[in-house]
Every structure is written in C-alpha cells, then in structure tokens.
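J.: Handing over upload-v9.csv, CSV, C-alpha atoms and all ligand atoms.
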```csv
chain,number,residue,atom,x,y,z
A,22,MET,CA,202.0,52.2,109.4
A,23,ASN,CA,199.7,49.2,109.3
A,24,LEU,CA,195.9,49.5,109.2
A,25,SER,CA,195.2,45.9,108.6
A,26,ASN,CA,191.9,44.8,110.1
A,27,LYS,CA,190.7,48.4,110.3
A,28,ILE,CA,187.5,49.5,108.7
A,29,ALA,CA,187.4,53.0,107.3
A,30,ILE,CA,184.7,55.2,105.8
A,31,VAL,CA,185.9,58.1,103.5
A,32,THR,CA,183.2,60.5,102.5
A,33,GLY,CA,183.3,62.2,99.1
A,34,SER,CA,185.9,59.7,97.8
A,35,GLY,CA,184.9,59.4,94.2
A,36,ARG,CA,187.5,61.9,93.2
A,37,GLY,CA,190.1,64.4,94.4
A,38,ILE,CA,191.5,64.4,97.9
A,39,GLY,CA,188.9,61.8,99.1
A,40,ARG,CA,189.9,59.3,96.4
A,41,ALA,CA,193.6,59.7,97.3
A,42,ILE,CA,192.8,59.1,100.9
A,43,ALA,CA,190.8,56.0,100.1
A,44,LEU,CA,193.7,54.6,98.0
A,45,LYS,CA,196.3,55.4,100.7
A,46,LEU,CA,194.3,53.8,103.5
A,47,ALA,CA,193.8,50.7,101.4
A,48,GLU,CA,197.5,50.7,100.5
A,49,VAL,CA,198.4,50.4,104.2
A,50,GLY,CA,195.8,47.6,104.7
A,51,ALA,CA,192.5,49.2,105.7
A,52,THR,CA,189.2,48.0,104.3
A,53,VAL,CA,187.7,51.2,102.8
A,54,VAL,CA,184.0,52.1,102.4
A,55,VAL,CA,184.1,54.6,99.6
A,56,ASN,CA,181.2,57.1,99.5
A,57,ASP,CA,180.0,59.8,97.2
A,58,ILE,CA,176.9,61.4,95.9
A,59,GLY,CA,175.2,61.0,92.5
A,60,ASP,CA,177.0,58.7,90.0
A,61,VAL,CA,178.2,55.3,91.2
A,62,GLN,CA,180.7,54.9,88.3
A,63,PRO,CA,183.6,57.0,89.9
A,64,LEU,CA,183.1,55.1,93.2
A,65,GLU,CA,183.2,51.8,91.4
A,66,ALA,CA,186.4,52.9,89.6
A,67,VAL,CA,188.0,53.7,93.0
A,68,ALA,CA,186.8,50.3,94.4
A,69,GLN,CA,188.3,48.6,91.4
A,70,GLU,CA,191.7,50.3,91.9
A,71,ILE,CA,191.7,49.2,95.5
A,72,GLY,CA,190.8,45.6,94.4
A,73,ALA,CA,193.7,45.7,91.9
A,74,MET,CA,196.1,46.5,94.8
A,75,GLY,CA,194.7,43.4,96.6
A,76,GLY,CA,192.6,45.5,99.0
A,77,GLN,CA,189.0,45.4,100.1
A,78,SER,CA,186.4,48.1,99.6
A,79,LEU,CA,182.7,48.8,99.4
A,80,PRO,CA,181.1,51.6,97.4
A,81,ILE,CA,178.1,53.3,99.0
A,82,LEU,CA,176.3,56.2,97.4
A,83,ALA,CA,174.9,58.6,100.1
A,84,ASP,CA,174.4,62.3,100.5
A,85,VAL,CA,176.3,63.0,103.7
A,86,SER,CA,174.2,66.1,104.4
A,87,SER,CA,171.1,63.9,104.8
A,88,SER,CA,170.6,62.2,108.2
A,89,SER,CA,168.8,59.2,106.6
A,90,ASP,CA,171.5,58.7,104.0
A,91,VAL,CA,174.2,58.9,106.7
A,92,ALA,CA,172.3,56.4,108.9
A,93,ARG,CA,172.1,54.0,105.9
A,94,LEU,CA,175.8,54.5,105.1
A,95,VAL,CA,176.8,53.5,108.7
A,96,GLU,CA,174.2,50.6,108.9
A,97,GLU,CA,175.5,49.1,105.6
A,98,THR,CA,179.1,49.4,106.8
A,99,ILE,CA,178.2,47.6,110.1
A,100,ALA,CA,176.2,45.0,108.2
A,101,ALA,CA,179.2,44.3,106.0
A,102,TYR,CA,182.1,44.4,108.5
A,103,GLY,CA,180.6,44.7,112.0
A,104,ARG,CA,182.8,47.7,113.1
A,105,ILE,CA,184.0,51.1,112.1
A,106,ASP,CA,187.5,52.2,113.1
A,107,ILE,CA,188.2,55.3,111.0
A,108,LEU,CA,186.0,58.0,109.7
A,109,VAL,CA,187.4,60.6,107.3
A,110,ASN,CA,185.0,63.5,106.8
A,111,ASN,CA,186.2,64.7,103.4
A,112,ALA,CA,183.1,65.5,101.3
A,113,GLY,CA,182.8,69.2,100.6
A,114,ILE,CA,181.6,71.8,98.1
A,115,ALA,CA,182.2,75.5,97.4
A,116,ARG,CA,179.6,78.0,96.2
A,117,ASP,CA,181.7,81.2,96.1
A,118,GLN,CA,180.2,84.7,96.1
A,119,LEU,CA,180.9,88.0,97.8
A,120,LEU,CA,178.8,88.2,101.0
A,121,LEU,CA,176.5,91.0,99.7
A,122,ARG,CA,175.5,88.8,96.8
A,123,MET,CA,175.5,85.4,98.6
A,124,SER,CA,172.1,83.7,98.5
A,125,GLU,CA,170.6,82.0,101.5
A,126,GLU,CA,170.5,78.8,99.5
A,127,ASP,CA,174.2,78.8,98.8
A,128,TRP,CA,174.9,79.6,102.5
A,129,ASP,CA,172.7,76.6,103.6
A,130,ARG,CA,174.0,74.1,101.0
A,131,VAL,CA,177.7,74.8,101.9
A,132,LEU,CA,177.0,74.7,105.6
A,133,ASN,CA,175.0,71.5,105.2
A,134,VAL,CA,177.5,69.6,103.0
A,135,ASN,CA,180.7,70.8,104.7
A,136,LEU,CA,179.7,71.1,108.4
A,137,LYS,CA,176.3,69.4,109.2
A,138,SER,CA,177.7,66.3,107.4
A,139,VAL,CA,180.6,66.2,109.8
A,140,PHE,CA,178.2,66.3,112.8
A,141,LEU,CA,175.9,63.6,111.2
A,142,CYS,CA,178.7,61.2,110.2
A,143,THR,CA,180.7,61.6,113.4
A,144,ARG,CA,177.7,61.1,115.7
A,145,ALA,CA,176.6,58.0,113.7
A,146,VAL,CA,180.1,56.3,113.9
A,147,LEU,CA,180.8,57.3,117.5
A,148,ARG,CA,178.3,54.9,118.9
A,149,HIS,CA,180.3,52.0,117.4
A,150,MET,CA,183.7,53.5,118.3
A,151,VAL,CA,182.7,54.0,121.9
A,152,LYS,CA,181.8,50.3,122.2
A,153,GLN,CA,185.0,49.3,120.5
A,154,ARG,CA,187.0,51.7,122.7
A,155,TRP,CA,189.1,52.7,119.7
A,156,GLY,CA,188.5,55.1,116.9
A,157,ARG,CA,189.9,57.8,114.6
A,158,ILE,CA,188.0,60.8,113.3
A,159,ILE,CA,189.8,62.9,110.8
A,160,SER,CA,188.0,65.9,109.2
A,161,ILE,CA,189.2,67.9,106.2
A,162,ALA,CA,188.9,71.6,107.1
A,163,SER,CA,190.8,74.3,105.2
A,164,ILE,CA,193.2,77.1,105.9
A,165,VAL,CA,190.4,79.3,104.7
A,166,GLY,CA,188.6,78.4,108.0
A,167,ILE,CA,191.5,79.8,109.9
A,168,VAL,CA,192.5,82.9,107.9
A,169,GLY,CA,189.3,83.7,105.9
A,170,ASN,CA,189.0,84.4,102.2
A,171,PRO,CA,187.0,86.9,100.2
A,172,GLY,CA,184.1,85.3,98.4
A,173,GLN,CA,184.0,82.3,100.8
A,174,ALA,CA,182.0,83.4,103.9
A,175,ASN,CA,179.9,80.3,103.7
A,176,TYR,CA,182.9,77.9,103.1
A,177,ALA,CA,185.2,79.6,105.7
A,178,SER,CA,182.4,79.5,108.3
A,179,ALA,CA,181.8,75.8,107.7
A,180,LYS,CA,185.6,75.0,107.8
A,181,ALA,CA,186.1,77.1,111.0
A,182,GLY,CA,183.1,75.2,112.4
A,183,ILE,CA,184.8,71.8,111.7
A,184,ILE,CA,187.8,73.0,113.8
A,185,GLY,CA,185.7,73.9,116.8
A,186,PHE,CA,183.7,70.7,116.4
A,187,THR,CA,186.9,68.6,116.2
A,188,ARG,CA,188.4,70.1,119.4
A,189,THR,CA,185.1,69.5,121.2
A,190,VAL,CA,184.7,65.9,120.1
A,191,ALA,CA,188.4,65.3,121.0
A,192,LYS,CA,187.6,66.3,124.6
A,193,GLU,CA,184.3,64.4,124.8
A,194,VAL,CA,185.7,61.0,123.6
A,195,ALA,CA,189.3,61.1,124.7
A,196,SER,CA,188.7,58.7,127.6
A,197,ARG,CA,187.2,56.1,125.1
A,198,GLY,CA,190.4,55.7,123.1
A,199,ILE,CA,189.1,57.8,120.2
A,200,THR,CA,191.0,60.7,118.7
A,201,ALA,CA,189.6,63.5,116.6
A,202,ASN,CA,191.8,65.7,114.4
A,203,ALA,CA,191.4,68.1,111.5
A,204,ILE,CA,193.5,68.7,108.5
A,205,ALA,CA,193.6,72.2,107.0
A,206,PRO,CA,194.8,72.0,103.4
A,207,GLY,CA,195.9,75.1,101.5
A,208,PHE,CA,195.6,74.9,97.8
A,209,ILE,CA,195.5,71.3,96.4
A,210,ASP,CA,195.4,70.4,92.7
A,211,THR,CA,191.8,69.0,92.3
A,212,ASP,CA,188.6,69.8,90.4
A,213,MET,CA,187.8,72.3,93.2
A,214,THR,CA,190.9,74.4,92.4
A,215,GLN,CA,191.0,73.8,88.7
A,216,ARG,CA,188.0,76.2,88.4
A,217,LEU,CA,190.2,79.1,89.6
A,218,LYS,CA,191.4,81.6,86.9
A,219,GLU,CA,195.0,81.0,85.7
A,220,GLU,CA,196.1,84.5,86.8
A,221,TRP,CA,194.7,84.0,90.3
A,222,LYS,CA,196.5,80.6,90.5
A,223,GLN,CA,199.8,82.3,89.6
A,224,GLU,CA,199.2,84.9,92.3
A,225,LEU,CA,198.4,82.2,94.9
A,226,LYS,CA,201.5,80.3,94.0
A,227,ARG,CA,203.5,83.5,94.8
A,228,GLN,CA,202.0,83.4,98.3
A,229,ILE,CA,203.0,79.8,98.9
A,230,PRO,CA,206.6,79.5,100.2
A,231,LEU,CA,207.0,76.1,98.5
A,232,GLY,CA,205.7,77.7,95.3
A,233,TYR,CA,203.2,75.1,94.0
A,234,PHE,CA,199.8,73.6,94.8
A,235,GLY,CA,199.9,70.4,96.9
A,236,SER,CA,198.7,67.1,95.5
A,237,PRO,CA,195.8,65.0,97.0
A,238,ARG,CA,198.5,62.5,98.0
A,239,ASP,CA,200.1,65.1,100.3
A,240,VAL,CA,196.9,65.2,102.3
A,241,ALA,CA,196.3,61.4,102.1
A,242,GLU,CA,199.8,60.7,103.7
A,243,ALA,CA,198.9,62.8,106.7
A,244,VAL,CA,195.4,61.2,107.0
A,245,ALA,CA,197.0,57.7,107.1
A,246,PHE,CA,199.4,58.7,109.8
A,247,LEU,CA,196.6,60.3,112.0
A,248,ALA,CA,194.5,57.1,111.5
A,249,SER,CA,197.4,54.9,112.7
A,250,GLU,CA,198.1,53.4,116.1
A,251,GLU,CA,201.3,55.5,116.1
A,252,ALA,CA,199.3,58.8,116.2
A,253,GLY,CA,197.4,57.7,119.3
A,254,TYR,CA,198.6,60.6,121.5
A,255,ILE,CA,197.6,63.2,119.0
A,256,THR,CA,194.0,64.6,119.4
A,257,GLY,CA,192.2,67.9,119.1
A,258,GLN,CA,194.8,69.2,116.6
A,259,VAL,CA,194.6,71.0,113.3
A,260,LEU,CA,197.4,70.1,110.8
A,261,ASN,CA,198.0,72.7,108.1
A,262,ILE,CA,199.1,71.1,104.8
A,263,ASP,CA,199.6,74.2,102.7
A,264,GLY,CA,203.2,74.5,101.5
A,265,GLY,CA,203.9,77.0,104.3
A,266,MET,CA,201.1,79.4,103.0
A,267,ALA,CA,199.5,80.1,106.4
A,268,ALA,CA,202.9,80.4,108.1
A,269,SER,CA,203.3,83.9,106.6
A,270,TRP,CA,199.9,85.0,107.9
A,271,LEU,CA,199.5,83.6,111.4
A,301,LIG,N1,191.2,71.3,96.8
A,301,LIG,C1,191.7,72.2,97.7
A,301,LIG,O1,192.5,73.0,97.4
A,301,LIG,C2,191.1,72.1,99.1
A,301,LIG,C3,191.7,72.9,100.0
A,301,LIG,C4,191.2,72.9,101.3
A,301,LIG,C5,190.2,72.0,101.7
A,301,LIG,N2,189.7,71.2,100.7
A,301,LIG,C6,188.6,70.3,101.2
A,301,LIG,O2,189.0,68.9,100.8
A,301,LIG,C7,187.8,68.2,100.6
A,301,LIG,C8,187.9,67.5,99.2
A,301,LIG,O3,188.0,68.5,98.3
A,301,LIG,P1,188.5,68.2,96.7
A,301,LIG,O4,189.4,69.3,96.4
A,301,LIG,O5,188.9,66.8,96.6
A,301,LIG,O6,187.1,68.5,96.0
A,301,LIG,P2,186.4,67.7,94.8
A,301,LIG,O7,185.3,68.6,94.4
A,301,LIG,O8,187.3,67.2,93.8
A,301,LIG,O9,185.8,66.4,95.6
A,301,LIG,C9,184.8,66.5,96.6
A,301,LIG,C10,184.0,65.2,96.5
A,301,LIG,O10,182.9,65.3,97.5
A,301,LIG,C11,181.7,64.8,96.9
A,301,LIG,N3,180.5,65.3,97.5
A,301,LIG,C12,180.0,66.6,97.4
A,301,LIG,N4,178.9,66.7,98.1
A,301,LIG,C13,178.7,65.5,98.7
A,301,LIG,C14,177.6,65.0,99.5
A,301,LIG,N5,176.6,65.7,99.8
A,301,LIG,N6,177.7,63.7,99.9
A,301,LIG,C15,178.7,62.9,99.5
A,301,LIG,N7,179.7,63.3,98.7
A,301,LIG,C16,179.7,64.6,98.3
A,301,LIG,C17,181.9,65.2,95.4
A,301,LIG,O11,181.0,64.5,94.6
A,301,LIG,C18,183.3,64.9,95.2
A,301,LIG,O12,183.6,63.6,94.8
A,301,LIG,C19,186.7,69.1,100.7
A,301,LIG,O13,186.1,69.1,102.0
A,301,LIG,C20,187.3,70.5,100.5
A,301,LIG,O14,186.6,71.5,101.0
A,301,LIG,C21,190.1,71.2,99.4
```
Show this structure as structure tokens.

T.:
Amino acid sequence: MNLSNKIAIVTGSGRGIGRAIALKLAEVGATVVVNDIGDVQPLEAVAQEIGAMGGQSLPILADVSSSSDVARLVEETIAAYGRIDILVNNAGIARDQLLLRMSEEDWDRVLNVNLKSVFLCTRAVLRHMVKQRWGRIISIASIVGIVGNPGQANYASAKAGIIGFTRTVAKEVASRGITANAIAPGFIDTDMTQRLKEEWKQELKRQIPLGYFGSPRDVAEAVAFLASEEAGYITGQVLNIDGGMAASWL
C-alpha cells in the first residue's frame, strides 16, 4: 500500500481510533490533516509523531457537527495542499441512557456529532473529489448500528444512519472514481470503552469469539487498505471489525 501524494483528513484524530488511523495513513505516505475539538495539544502531539516518522501533517481544530467549522476545515486543507483525496469520518461520542430516560439534548448531540458531521464533511470534500475524479470516503460506524444495544438508541440510530448514508453516497459518486465505505468496529480498547464497568467488559469478552477487545490499530489497518488504490473496486460496503462478535448474531 502506498498513499504517497494523497491528502487525507481524519476527524477526531486527537486520540483513540482516529489517532491510530492518522498515524497509519502517514506511515504509508499520506499527508494527514488531523482534526479534533477543544484542546490543540493532543493534535499537536499526533502531528509531532507523524513528523518524527518523516511524514507531513496539519492540525486543525474544528467541531465537525458545525457547518461553519467544517467549511473552514476543508478550506484550510485546500489552501495548504490544493486537494483532498481521503476523508475518514471518525469523530464520535456516546451519551448512553435507557430510552425512557434519554434527554432530547443527548439525542440531538449524539446525532449531530456522529451523523450530521458525516453529511457535512462528506458534502464539503466531495466537491473537490468530483473535480479530481478520485476519492475515498471511509466512515466509522459501529456494530451497534447493525444489531442495536440497550442504552444506546441515539448512538445506534446515528451509526445505522452512517451505513445508509454510505451506501447512498457510494451509488451517487461511483461514476466519478470515488468510493464510500463504512467500518463497523465491535469493542475497541479506547477511552470510549474504558468507561465500561469491569464486570460488563468481562461479559462482553465472553461474547467475542476472539475473546478480547480490538486495538485502534486493528481498525486503522483496514482504513488504510480501503483508502488505497488496491481497494478501488470496493464501494458501498460495511466491514465489521469485531473479533467475530456480530457473526454469532447476524
Ligand atoms: N471504541 C469502540 O469500541 C468503538 C466501537 C465502535 C465504533 N467506535 C467509533 O469509533 C470512533 C472513534 O472512537 P474512539 O473509541 O476512538 O473514541 P474516543 O472518545 O477515544 O475518540 C473520539 C475523538 O473524537 C473527538 N470528537 C468528539 N466530538 C468531536 C467533534 N464535534 N468534532 C471533532 N472531534 C470530535 C474527541 O475529542 C476524540 O478525540 C467513533 O466514531 C466511535 O463511535 C468506537
């Protein structure tokens, strides 16, 4: 795999899965715009790691649920590099609560950060990809969006929405040399899953045929493949990376 001369944006790449994706894409030669919300320090740390590998990167703070922030993220990328080849829609949050107790605010925030952001970022980069007649859109969904999960009606709805969105975009832009795919991770060791109670983690591991949580790197390897030239005939797909977890349910 060689992504030299490719420009990638990875949303939510200050930590966790996004960070691993940014590092992997840089390792195979891409120039990576790293994005997150809030504090610039984690983003600068990722940019430094990429620099230490001899790679190129640009940290840009932006809230991907805001259309003006997304417009700026894309404008600054174009100003710096003149093109965008790869978009990884990774930024996401969870605000878990059983449906009867779920607030409208938690519903809206999770839908905005996890799903509206995917619409905003994809729409903004597509203009450039269509002109280039080449592009790769990879969105991080979740197996929860396929099989559901108690306490995550907002999150599961957003992730299921990403899957429908991805299949639609794939069909709309296939003739322009652009592919769109989703990845549905199971349980991956990050801050998001570290909050789970130990007992619940042990129970989940019993439901995973491979018997352990995945690492951010497991997701990053698949993203790099889907972003590559070699994956050009793969579009509109959802790839589960879950240690076999969903295989026993679907
Ligand atoms: N960890 C898992 O088990 C798991 C499983 C399935 C799917 N996912 C998905 O993978 C993605 C990454 O998850 P993670 O586990 O690395 O989580 P994480 O919480 O460690 O990282 C998420 C990153 O997104 C950033 N972010 C949040 N809101 C943002 C916004 N509005 N704009 C820009 N950045 C924002 C956060 O600051 C953080 O750096 C998410 O979409 C998540 O839903 C994770």

J.: Taking 5 positions as the minimum chain separation for residues in the same chain, which residues sit within 12 Å of segment 163-174 of chain A when counting all atoms listed in the file? Answer as JSON, numbers by chain.

T.: {"A": [111, 113, 114, 115, 116, 117, 118, 119, 120, 121, 122, 123, 124, 125, 127, 128, 129, 131, 132, 135, 136, 179, 180, 181, 182, 183, 184, 185, 203, 204, 205, 206, 207, 208, 209, 240, 259, 260, 261, 262, 263, 264, 265, 266, 267, 268, 269, 270, 271]}

J.: Go ahead and find all residues with at least one atom no further than 7 Å from (188.4, 54.4, 94.2) in the file's coordinates, using all atoms listed in the file; report them as a list in words.

T.: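 Protein and nucleic acid residues near the point are Ser34, Gly35, Arg40, Ala43, Leu44, Val55, Pro63, Leu64, Glu65, Ala66, Val67, Ala68, Gln69, Glu70 and Ile71 of chain A.
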
J.: Write out as a PyMOL selection string the residues lying within 10 Å of Gln153 of chain A, counting all atoms listed in the file and excluding same-chain residues fewer than 5 positions away.

T.: chain A and resi 104-106+147-148+197-199

J.: So how many Å separate atom CA of Arg36 of chain A and atom CA of Glu224 of chain A, to one decimal?

T.: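 Between atom CA of Arg36 of chain A and atom CA of Glu224 of chain A the gap works out to 25.8 Å.
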
J.: With distances taken over only C-alpha atoms and all ligand atoms, which of A:Ser25, A:Ser86, A:Asn175, A:Ser236 is nearest to ligand LIG 301 (chain A)?

T.: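 Going through A:Ser25, A:Ser86, A:Asn175, A:Ser236 one by one, the smallest distance to ligand LIG 301 (chain A) is for A:Ser86.
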
J.: Considering only C-alpha atoms, state which residue in the set A:Gly72, A:Gly37, A:Gly232, A:Gly253 is at the smallest distance from Gln215 of chain A.

T.: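 Of the candidates, the smallest distance to Gln215 of chain A is held by A:Gly37.
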
J.: Just checking: using only C-alpha atoms and all ligand atoms, which residue out of A:His149, A:Arg238, A:Lys27, A:Arg154 ends up closest to ligand LIG 301 (chain A)?

T.: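 Selected residue with least distance to ligand LIG 301 (chain A): A:Arg238.
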
J.: Take atom CA of Ile30 of chain A and atom CA of Asp210 of chain A and report the distance between them in Å, one decimal.

T.: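 Atom CA of Asp210 of chain A lies 22.7 Å from atom CA of Ile30 of chain A.
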
J.: Quick one: pull the distance between atom CA of Thr200 of chain A and atom O9 of ligand LIG 301 (chain A), Å, one decimal.

T.: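 Pair atom CA of Thr200 of chain A / atom O9 of ligand LIG 301 (chain A) returns 24.4 Å.
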